[in-house]
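Trainee: Below you will find the structure I want to go over with you.
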Amino acid sequence: MTALLSVKQLSWQTQHKSILSDLNFELNAGSINAIVGPNGAGKTSLLRCLYRQISDYQGYISLSGQPVEQLKHKMLAQQIAVVNQHSDIHFTLSVYEIVCMGLIPHLSLFSQINSVQKQWVDKVLAQLDITDFKDRVFNRLSGGEQQRVLIARALVQQPQLLILDEPTNHLDVHFQHQILSLVNQLGVCVLMTLHDLNLAAYYADNILLLNQGKLVASGVPEQVLTPKLIQQVFELPVSLGINPLNKKQHVYFAAPENKVAIFEDQNHSRRSCDNP
Ligand SMILES: Nc1ncnc2c1ncn2[C@@H]1O[C@H](COP(=O)(O)OP(=O)(O)OP(=O)(O)O)[C@@H](O)[C@H]1O
């Protein structure tokens, strides 16, 4: 099977620092993929290379066998949709207007939205369960509702690859699971960054573990989320178990050992003061 996205020997550096180095991986059509790693590991930079917000990288990125640098901007927007951490939404627009913006890569200059495209927008609104508030103003929605609107806008683009940068950011536990189970049912290839390793284990088919700009491991969650790798990358004591509710792998963390020693010390001094 030909990969949908193929990344080979991808490196990117700024004037002073290497940010990504020699990344190699492939994503299959329809697969759900999570990039995890510590702050500053290069997760967002990698995404930015893929949708060519960064273009001065070295290496090869191809989509359905075609190098992305050969794709015209509009063609790229028809194939890759992006939901960023910081939305660029004009606050006074309605949900419907925002979702329709996803059609822009499919419209020619001054053309109107046709009936087929209207039907497509309605279908996506229904799929994300936001039809009821399509006339509401975007910035009066809850964080979870806003995230669903932004994903709807991205889906209306009819992309082959949906890129989500921290889609669960600022969402409570309920909305985190709601968004990710929804993402799981979209039927498009998804590449998303996640900080929560357990959400990655629950919802991703494959995990890419990034540290200091390097791909430390990639594969199914059980292959990547091993105690040895997690401990090495996040520098915390770790233990693995199974979540009894969904039977998926669950990662448990504790405070770093030296911190525990400090806490114990502080408690000891406090106890000593309280009970001389
Ligand atoms: N345009 C830039 N110029 C200089 N340095 C940059 C630029 N973009 C990113 N960096 C640096 O590259 C490193 C990786 O940043 P990036 O945002 O990709 O990490 P991340 O894994 O997404 O982090 P986080 O989890 O904190 O969001 C950081 O040290 C960041 O400061």
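Ordering of the structure tokens sets the chain letters (A, B, ...), residue numbers begin anew at 1 in every chain, and ligands are numbered from 1 in the order given.
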What's the 9 Å shell around stretch 157-162 of chain A, counting only C-alpha atoms, without same-chain residues fewer than 6 positions away, as a count of residues only?
Mentor: 24
Trainee: Can you pull out the residues contacting stretch 220-227 of chain A? Cut-off 7 Å, using only C-alpha atoms, and skip same-chain residues under 2 positions away; I want them as a list in words.
Mentor: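 Skipping anything fewer than 2 positions along the chain leaves Ala201, Asp205, Asn206, Ile207, Ala217, Ser218, Leu229, Ile230, Gln231, Val238, Ser239 and Leu240 of chain A.
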Trainee: Can you list every residue of chain A that has an atom at most 7 Å from ligand 1, with its nearest atom pair and the distance in Å to one decimal, using only C-alpha atoms and all ligand atoms, ordered by chain then number, as JSON lines?
Mentor:
{"residue": "A:Thr14", "atom": "CA", "partner": "ligand 1", "partner_atom_place_in_ligand_line": "4 (C)", "distance": 5.6}
{"residue": "A:Ile19", "atom": "CA", "partner": "ligand 1", "partner_atom_place_in_ligand_line": "12 (O)", "distance": 5.1}
{"residue": "A:Gly37", "atom": "CA", "partner": "ligand 1", "partner_atom_place_in_ligand_line": "21 (O)", "distance": 6.3}
{"residue": "A:Pro38", "atom": "CA", "partner": "ligand 1", "partner_atom_place_in_ligand_line": "25 (O)", "distance": 5.7}
{"residue": "A:Asn39", "atom": "CA", "partner": "ligand 1", "partner_atom_place_in_ligand_line": "25 (O)", "distance": 3.5}
{"residue": "A:Gly40", "atom": "CA", "partner": "ligand 1", "partner_atom_place_in_ligand_line": "19 (O)", "distance": 3.5}
{"residue": "A:Ala41", "atom": "CA", "partner": "ligand 1", "partner_atom_place_in_ligand_line": "21 (O)", "distance": 3.7}
{"residue": "A:Gly42", "atom": "CA", "partner": "ligand 1", "partner_atom_place_in_ligand_line": "18 (O)", "distance": 3.2}
{"residue": "A:Lys43", "atom": "CA", "partner": "ligand 1", "partner_atom_place_in_ligand_line": "21 (O)", "distance": 3.8}
{"residue": "A:Thr44", "atom": "CA", "partner": "ligand 1", "partner_atom_place_in_ligand_line": "22 (O)", "distance": 3.8}
{"residue": "A:Ser45", "atom": "CA", "partner": "ligand 1", "partner_atom_place_in_ligand_line": "18 (O)", "distance": 3.7}
{"residue": "A:Leu46", "atom": "CA", "partner": "ligand 1", "partner_atom_place_in_ligand_line": "18 (O)", "distance": 6.4}
Trainee: Hey, can you spit out that residue selection with C-alpha atoms as a PDB file, in the first residue's frame?
Mentor:
ATOM      1  CA  THR A  14      17.096  28.062  12.575  1.00  0.00           C
ATOM      2  CA  ILE A  19      15.009  21.970  15.637  1.00  0.00           C
ATOM      3  CA  GLY A  37       6.913  14.572  23.343  1.00  0.00           C
ATOM      4  CA  PRO A  38       8.071  17.133  25.888  1.00  0.00           C
ATOM      5  CA  ASN A  39       7.742  20.899  25.506  1.00  0.00           C
ATOM      6  CA  GLY A  40      10.079  22.138  22.808  1.00  0.00           C
ATOM      7  CA  ALA A  41      10.529  18.671  21.247  1.00  0.00           C
ATOM      8  CA  GLY A  42       9.612  20.054  17.805  1.00  0.00           C
ATOM      9  CA  LYS A  43       6.022  18.793  17.457  1.00  0.00           C
ATOM     10  CA  THR A  44       4.515  22.034  16.138  1.00  0.00           C
ATOM     11  CA  SER A  45       7.573  22.695  13.957  1.00  0.00           C
ATOM     12  CA  LEU A  46       7.097  19.294  12.329  1.00  0.00           C
TER      13      LEU A  46
END
Trainee: When distances are computed from only C-alpha atoms, which of A:Ser94, A:Gln249, A:Ser6, A:Ser108 shows the smallest separation from A:Leu197?
Mentor: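 For A:Leu197, the nearest of the given residues is A:Gln249.
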Trainee: Just list as a PyMOL selection string whatever in stretch 21-110 of chain A DSSP marks as helix (DSSP H, G or I).
Mentor: chain A and resi 43-50+68-70+73-79+95-106
Trainee: With only C-alpha atoms as the atoms that count, which of A:Leu155, A:Leu141, A:Leu125, A:Leu50 lies nearest to A:Pro67?
Mentor: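 Residue with the minimum atom-to-atom distance to A:Pro67: A:Leu50.
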